[in-house]
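Visitor: What follows is a structure written as structure tokens; I'll ask about it next.
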Amino acid sequence: MTSNFITDSPIIQFTILLTVIFTVPPIFERLRIPGLVGLLVAGVLLGQNGLKFLDSDSETVNLLSDIGKVYLMFVAGLEIDLEQFRRTKNRSIVFGILTFLVPLISGILVGRFFNFSWNTSVLIGSLLASHTLLAYPIVSRLGVVMNEAVTVTVGATIFTDTAALLVLAICVGIHGGEFSTLSLITLLGGLAIYSVIVLFGFDWAGKEFFRRSGDEQSNQFLFILLALFLASVGAQIVGVEKIVGAFLAGLAVNDVVGRSPVKEKIEFIGSVLFIPCFFVDMGLLINIPAFIKTLGSIWLTLVIVTALIFSKFIAAFLTKLIYRYSNVEMLTMWSLSLPQVAATLAASLVAYQALNPAGERLISEGVLNSIIVLMVVTSIVAPLITARFAALLQVPQTDFETESLATWWEHHDPQPLEPTQHPFTVVVPIHNSRNQRYLIEMAALIAQHQSGRILPLAINKAHVHMDDPQLGISLEQSQQRLKLAEEISAEFNVQVSTAVRIDDDIALAISRTSREQNANLVVMGWSRTTGLRARLFGNVIDSVFWSSHCPVAVARLVKSPKTIERIIVPIGDLRPQTISAWKFAEMLADVNQSEVVLLHVSNSKTPTNLVEEFTTQLTEIVSKSHLKVNTHIRTIVDDDVAQTIVREAQGFDLAVLRSVRYRTTGGLAVSQVTTEVIEELTGSIVLLGEAHL
């Protein structure tokens, strides 16, 4: 009775889902097991084979799972790096073909070996052919994303996922009714026309809408959601699965949203609600007796997992032979192409639910259960392999003397400037007097070093009526804060110009003012806004990082910048963005006569010769600096990068970090070193964010 009451109430079902999504993934992640596996387990425990609190056939679960399924494929298309694909297009296509065809053939052989029909066998092959870039955050954290083997693998994703979904559409179409050559041609023709409309039409419409809507993020967000569901409905009208339309829609608006705050909102909604609901529903569909029986006759599962691992390895090995990649590059490509999560699970659920006129499923419970085991195995093992071998990759040398990201501090000579030149300008948004002094001091030190100026900026939220008394009070308070800023600046003998701005959007007010003033740097105070509202709507720091034309330094200062004597800068790679953090620290050290320590924490599995080569390259970069700063390079071998940085930073006055954000294909946030360091460090911190490109 109680069970029926729970399963019949949409509100109770939704509440249970939210509770599971909120509590289960963190528990599993603490055990170093992917949170998505925890959602599957929760679905099993709460489903008809467990406590019977959730029912896969209920309208609430069905709706949320369906949305999660299309959302998962939409985000998979949205997160494919088209820029990287364009850079290595030809090689990505070759690897994409190999890492699609070899697993496809392997899957077909597996299906026929276990006496499945040709249609089911081809479908099993397509499930093995795609891949999810689950381990991409690892290579990004290691700073090796510019290695050609990595960019080729990333680019290949667009081919494997598209081809796998095309095969799925054909197999489901064949399974659903009488097959004929004419029906196949009709299906392919309709799919081709539909794909062109979505890929080019949605891309054009999106760019036009974003151009006309300006900064109206809520309307842009709704437009993207509308594009997703229109594409899904359109796919069903054409006669293919809605996840095909969702994936194409993700590719279509990829260039439109770029790395904008709107993309963050889209991914957030999916990652915290809809996509987890899909994985819980997958758990609900697992029939425990059938699952145990499948594992009892373990051969199907074992052969499918083995076929995937070896076929992906063969594809990577053939690519190595063609393009003469090293063994480390080959193994990295193999590990990156192993995880089977997004497209595989979505497609397997579609295939399992596809019924022919006789009521037969396209794939059996045994195959579905084997795919779930495959997902668990590859999502755990593949990132471990990636972490092991990606650390050994070498990245092409960057020309730091011509790279614009790395030389913003050298655009202005510290010598006095001609009147016709623009002075080095530091914009300092000020909101309250509590942390104003230290921010102004830091900005003034940098401006003093560059013979430039600072521009304290006071922003007041706009009111409907400009004669509103509250706005008048706010403007008076701003003038008082600006007067204090001028007094502090006078202590450093630097030029100061103040500005007051009335705007609806604080972040855009900062970015627009810095652009109008041709600023070289924005120095902001720390924001502790990290809760649900910040994740859903974004915070000021996130928005300024994205929209600013120049670097942004976010400072949490516990002491006066004038007293800083020792600065530590973690250096994980030699990309220009990382070197920028050192150059920022170098300027502060030069004006304060301070010491800078560049800390490199290497993995214990990294060969000694690679560590030495990294240190040599870093030493060479430091030696080319025109500033005579006391700089030391310290290398420590430790697998816990974050804790090592925290431990080493205790004896320093300031830590300068680089802002990096990682996400997985499901839009699920990945724990990152910078976040952990910020949470545990008690001293002064500067988080440097580069201009959005």
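Please note that chains go A, B, ... in the order of the structure tokens, that every chain numbers its residues from 1, and that ligands are numbered from 1 in the order shown.
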Could you list, as a PyMOL selection string, every residue within 8 Å of Leu439 (chain A), counting only C-alpha atoms and ignoring same-chain residues fewer than 4 positions away?

Guide: chain A and resi 428+435+443+523-525+555+557

Visitor: Just to be explicit: take each residue in the selection above, keep N, CA and C atoms, and write the result as a CSV table (one decimal), in the first residue's frame.

Guide:
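File produced: part.csv:
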chain,number,residue,atom,x,y,z
A,428,VAL,N,40.3,48.5,-11.4
A,428,VAL,CA,40.0,47.9,-10.1
A,428,VAL,C,38.5,48.1,-9.7
A,435,ASN,N,37.9,45.4,1.8
A,435,ASN,CA,39.1,44.8,1.1
A,435,ASN,C,39.6,45.8,0.1
A,443,ALA,N,47.0,46.8,-7.3
A,443,ALA,CA,46.9,47.5,-8.6
A,443,ALA,C,47.9,48.6,-8.8
A,523,VAL,N,41.9,43.9,-11.8
A,523,VAL,CA,42.2,43.3,-10.4
A,523,VAL,C,40.9,43.3,-9.6
A,524,MET,N,40.4,42.2,-9.3
A,524,MET,CA,39.1,42.1,-8.6
A,524,MET,C,39.3,41.4,-7.2
A,525,GLY,N,38.3,41.7,-6.3
A,525,GLY,CA,38.3,41.1,-5.0
A,525,GLY,C,37.7,39.7,-5.1
A,555,ALA,N,41.9,38.5,-6.4
A,555,ALA,CA,42.8,38.4,-5.3
A,555,ALA,C,42.1,38.2,-3.9
A,557,LEU,N,43.4,38.7,-0.4
A,557,LEU,CA,44.7,39.2,0.3
A,557,LEU,C,44.4,39.3,1.8

Visitor: Skipping near chain neighbours, those fewer than 5 positions away, what residues fall within 10 Å of Phe313 (chain A) using only C-alpha atoms, listed as an NGL selection string?

Guide: :A and (99 or 102-103 or 307-308 or 318-319 or 330-331 or 333-335 or 337-338)

Visitor: Include N, CA, C and O atoms and write out the residues we just selected as a short mmCIF file (atom, residue, chain, number, x, y, z; two decimals), in the first residue's frame.

Guide:
data_model
loop_
_atom_site.label_atom_id
_atom_site.label_comp_id
_atom_site.auth_asym_id
_atom_site.auth_seq_id
_atom_site.Cartn_x
_atom_site.Cartn_y
_atom_site.Cartn_z
N THR A 99 38.94 3.69 -35.45
CA THR A 99 38.42 3.38 -34.12
C THR A 99 36.91 3.18 -34.14
O THR A 99 36.30 2.83 -33.12
N VAL A 102 36.97 -0.90 -36.69
CA VAL A 102 37.52 -2.09 -36.03
C VAL A 102 36.61 -2.57 -34.91
O VAL A 102 36.26 -3.76 -34.85
N PRO A 103 36.15 -1.69 -33.98
CA PRO A 103 35.19 -2.16 -32.97
C PRO A 103 33.85 -2.59 -33.58
O PRO A 103 33.22 -3.52 -33.07
N ALA A 307 36.43 -7.61 -26.50
CA ALA A 307 36.37 -7.15 -27.89
C ALA A 307 36.57 -5.65 -27.98
O ALA A 307 37.29 -5.15 -28.86
N LEU A 308 35.96 -4.91 -27.05
CA LEU A 308 36.12 -3.45 -27.07
C LEU A 308 37.57 -3.07 -26.80
O LEU A 308 38.16 -2.28 -27.54
N LEU A 318 47.15 0.83 -35.40
CA LEU A 318 47.19 1.10 -36.84
C LEU A 318 47.46 2.58 -37.12
O LEU A 318 48.21 2.93 -38.03
N THR A 319 46.85 3.44 -36.30
CA THR A 319 47.08 4.89 -36.46
C THR A 319 48.53 5.23 -36.16
O THR A 319 49.14 6.07 -36.83
N MET A 330 50.40 6.39 -28.70
CA MET A 330 49.43 5.36 -29.08
C MET A 330 48.61 4.91 -27.87
O MET A 330 47.38 4.80 -27.95
N LEU A 331 49.27 4.67 -26.75
CA LEU A 331 48.57 4.21 -25.55
C LEU A 331 47.64 5.29 -25.00
O LEU A 331 46.57 4.97 -24.44
N MET A 333 46.08 7.56 -26.91
CA MET A 333 44.94 7.54 -27.83
C MET A 333 44.02 6.36 -27.51
O MET A 333 42.78 6.51 -27.51
N TRP A 334 44.61 5.23 -27.22
CA TRP A 334 43.82 4.04 -26.88
C TRP A 334 43.00 4.28 -25.61
O TRP A 334 41.79 4.02 -25.58
N SER A 335 43.64 4.81 -24.57
CA SER A 335 42.94 5.00 -23.29
C SER A 335 41.86 6.07 -23.40
O SER A 335 40.80 5.95 -22.79
N SER A 337 40.09 6.70 -26.02
CA SER A 337 38.97 6.19 -26.83
C SER A 337 38.28 4.98 -26.21
O SER A 337 37.34 4.44 -26.80
N LEU A 338 38.70 4.56 -25.02
CA LEU A 338 38.11 3.39 -24.37
C LEU A 338 36.76 3.64 -23.69
O LEU A 338 35.85 2.82 -23.83
#

Visitor: Work out how far CA of Leu599 (chain A) is from CA of Val611 (chain A), in Å to one decimal.

Guide: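 Computing the Euclidean distance for CA of Val611 (chain A) and CA of Leu599 (chain A) yields 12.4 Å.
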
Visitor: Contacts of Val341 (chain A) at 9 Å or less, counting only C-alpha atoms, minus same-chain residues fewer than 6 places along, as number ranges by chain?

Guide: A: 131-134, 372, 374-376, 378-379, 665-666

Visitor: Using Å and a single decimal, report how far CA of Ser604 (chain A) sits from CA of Ile385 (chain A).

Guide: 14.4 Å

Visitor: Per DSSP on the backbone, what are the helix (DSSP H, G or I) residues of region 296-514 of chain A, as JSON, numbers by chain?

Guide: {"A": [296, 299, 300, 301, 302, 303, 304, 305, 306, 307, 308, 309, 310, 311, 312, 313, 314, 315, 316, 317, 318, 319, 320, 321, 322, 323, 327, 328, 329, 330, 331, 332, 333, 334, 335, 336, 342, 343, 344, 345, 346, 347, 348, 349, 350, 351, 352, 353, 365, 366, 367, 368, 369, 370, 371, 372, 373, 374, 375, 376, 377, 378, 379, 380, 381, 382, 383, 384, 385, 386, 387, 388, 389, 390, 404, 405, 406, 408, 409, 410, 436, 437, 438, 439, 440, 441, 442, 443, 444, 445, 446, 447, 448, 449, 469, 470, 471, 472, 473, 474, 475, 476, 477, 478, 479, 480, 481, 482, 483, 484, 485, 486, 487, 488, 489, 490, 506, 507, 508, 509, 510, 511, 512, 513, 514]}

Visitor: Got a sec: who's within 9 Å of Val167 (chain A), counting only C-alpha atoms, leaving out chain neighbours fewer than 3 positions off, as JSON, numbers by chain?

Guide: {"A": [122, 123, 126, 162, 163, 164, 170, 171, 172]}

Visitor: Restricting the calculation to only C-alpha atoms: of A:Gly651, A:Pro570, A:Gly239, A:Gly250, which residue gets closest to Thr635 (chain A)?

Guide: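 The closest residue to Thr635 (chain A) is A:Pro570.
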
Visitor: Using the chain letters and numbers from this document, which residues of region 273-474 of chain A does DSSP assign to strand (DSSP E or B), as a PyMOL selection string?

Guide: chain A and resi 355+361+425-430+453-461

Visitor: Take the selection from the previous step and output its residues with all heavy atoms, as a compact mmCIF listing (two decimals), in the first residue's frame.

Guide:
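File produced: selection10.txt:
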# COMPACT_ATOMS: atom_id res chain seq x y z
N LEU A 355 10.95 -2.13 -30.04
CA LEU A 355 10.20 -3.38 -30.22
C LEU A 355 9.78 -3.51 -31.68
O LEU A 355 9.40 -2.53 -32.32
CB LEU A 355 8.97 -3.41 -29.32
CG LEU A 355 9.20 -3.27 -27.80
CD1 LEU A 355 7.87 -3.17 -27.07
CD2 LEU A 355 10.01 -4.45 -27.29
N ARG A 361 12.58 -7.36 -28.58
CA ARG A 361 13.51 -6.24 -28.39
C ARG A 361 14.68 -6.37 -29.38
O ARG A 361 15.04 -7.47 -29.78
CB ARG A 361 14.04 -6.21 -26.97
CG ARG A 361 12.95 -6.00 -25.91
CD ARG A 361 13.57 -5.84 -24.53
NE ARG A 361 12.56 -5.75 -23.48
CZ ARG A 361 11.91 -4.64 -23.15
NH1 ARG A 361 12.18 -3.51 -23.79
NH2 ARG A 361 11.01 -4.64 -22.20
N THR A 425 47.12 50.25 -18.11
CA THR A 425 45.95 50.57 -17.28
C THR A 425 45.48 49.34 -16.52
O THR A 425 45.30 48.27 -17.09
CB THR A 425 44.80 51.10 -18.15
OG1 THR A 425 45.24 52.26 -18.85
CG2 THR A 425 43.59 51.45 -17.30
N VAL A 426 45.29 49.54 -15.21
CA VAL A 426 44.75 48.48 -14.35
C VAL A 426 43.39 48.95 -13.82
O VAL A 426 43.31 49.94 -13.11
CB VAL A 426 45.69 48.18 -13.17
CG1 VAL A 426 45.15 47.02 -12.34
CG2 VAL A 426 47.10 47.87 -13.66
N VAL A 427 42.34 48.21 -14.18
CA VAL A 427 40.99 48.53 -13.69
C VAL A 427 40.75 47.77 -12.39
O VAL A 427 41.02 46.56 -12.30
CB VAL A 427 39.93 48.14 -14.74
CG1 VAL A 427 38.53 48.26 -14.15
CG2 VAL A 427 40.06 49.03 -15.97
N VAL A 428 40.26 48.48 -11.38
CA VAL A 428 40.00 47.87 -10.07
C VAL A 428 38.54 48.11 -9.69
O VAL A 428 38.19 49.19 -9.21
CB VAL A 428 40.91 48.46 -8.96
CG1 VAL A 428 40.82 47.61 -7.71
CG2 VAL A 428 42.33 48.58 -9.43
N PRO A 429 37.66 47.15 -9.90
CA PRO A 429 36.27 47.30 -9.44
C PRO A 429 36.25 47.27 -7.91
O PRO A 429 36.83 46.37 -7.29
CB PRO A 429 35.56 46.07 -10.02
CG PRO A 429 36.50 45.53 -11.07
CD PRO A 429 37.87 45.88 -10.61
N ILE A 430 35.62 48.26 -7.31
CA ILE A 430 35.54 48.31 -5.84
C ILE A 430 34.08 48.29 -5.42
O ILE A 430 33.23 48.96 -6.01
CB ILE A 430 36.25 49.56 -5.28
CG1 ILE A 430 35.75 50.84 -5.96
CG2 ILE A 430 37.76 49.43 -5.45
CD1 ILE A 430 36.34 52.10 -5.38
N ARG A 453 48.78 53.54 -14.98
CA ARG A 453 47.76 54.19 -14.16
C ARG A 453 46.78 53.14 -13.66
O ARG A 453 46.69 52.03 -14.19
CB ARG A 453 46.99 55.24 -14.95
CG ARG A 453 46.23 54.64 -16.14
CD ARG A 453 45.25 55.61 -16.77
NE ARG A 453 44.52 54.99 -17.87
CZ ARG A 453 43.28 55.31 -18.21
NH1 ARG A 453 42.63 56.24 -17.54
NH2 ARG A 453 42.68 54.71 -19.22
N ILE A 454 46.04 53.49 -12.61
CA ILE A 454 44.97 52.60 -12.16
C ILE A 454 43.65 53.33 -12.34
O ILE A 454 43.58 54.57 -12.32
CB ILE A 454 45.16 52.16 -10.69
CG1 ILE A 454 44.98 53.34 -9.73
CG2 ILE A 454 46.49 51.48 -10.49
CD1 ILE A 454 44.90 52.88 -8.29
N LEU A 455 42.61 52.55 -12.52
CA LEU A 455 41.28 53.10 -12.72
C LEU A 455 40.31 52.42 -11.75
O LEU A 455 39.73 51.38 -12.07
CB LEU A 455 40.81 52.90 -14.17
CG LEU A 455 39.56 53.69 -14.57
CD1 LEU A 455 39.68 54.20 -16.00
CD2 LEU A 455 38.30 52.83 -14.45
N PRO A 456 40.14 52.96 -10.54
CA PRO A 456 39.13 52.42 -9.62
C PRO A 456 37.73 52.61 -10.23
O PRO A 456 37.40 53.68 -10.71
CB PRO A 456 39.30 53.27 -8.36
CG PRO A 456 40.69 53.83 -8.47
CD PRO A 456 40.91 54.04 -9.93
N LEU A 457 36.95 51.56 -10.20
CA LEU A 457 35.64 51.57 -10.85
C LEU A 457 34.56 51.22 -9.83
O LEU A 457 34.60 50.16 -9.20
CB LEU A 457 35.62 50.54 -11.99
CG LEU A 457 34.27 50.26 -12.65
CD1 LEU A 457 33.74 51.49 -13.36
CD2 LEU A 457 34.39 49.08 -13.62
N ALA A 458 33.59 52.11 -9.68
CA ALA A 458 32.45 51.87 -8.80
C ALA A 458 31.22 51.61 -9.67
O ALA A 458 30.90 52.41 -10.55
CB ALA A 458 32.21 53.07 -7.89
N ILE A 459 30.57 50.49 -9.41
CA ILE A 459 29.41 50.11 -10.23
C ILE A 459 28.15 50.13 -9.37
O ILE A 459 28.13 49.58 -8.26
CB ILE A 459 29.61 48.70 -10.83
CG1 ILE A 459 30.88 48.67 -11.66
CG2 ILE A 459 28.41 48.29 -11.67
CD1 ILE A 459 31.31 47.30 -12.07
N ASN A 460 27.13 50.74 -9.89
CA ASN A 460 25.85 50.83 -9.20
C ASN A 460 24.78 50.14 -10.02
O ASN A 460 24.68 50.36 -11.23
CB ASN A 460 25.46 52.30 -8.99
CG ASN A 460 26.51 53.06 -8.20
OD1 ASN A 460 26.51 53.06 -6.98
ND2 ASN A 460 27.43 53.70 -8.91
N LYS A 461 24.01 49.30 -9.36
CA LYS A 461 22.94 48.59 -10.05
C LYS A 461 21.89 49.58 -10.53
O LYS A 461 21.46 50.48 -9.80
CB LYS A 461 22.29 47.56 -9.12
CG LYS A 461 23.16 46.38 -8.80
CD LYS A 461 23.32 45.45 -10.00
CE LYS A 461 22.08 44.63 -10.24
NZ LYS A 461 22.26 43.65 -11.35
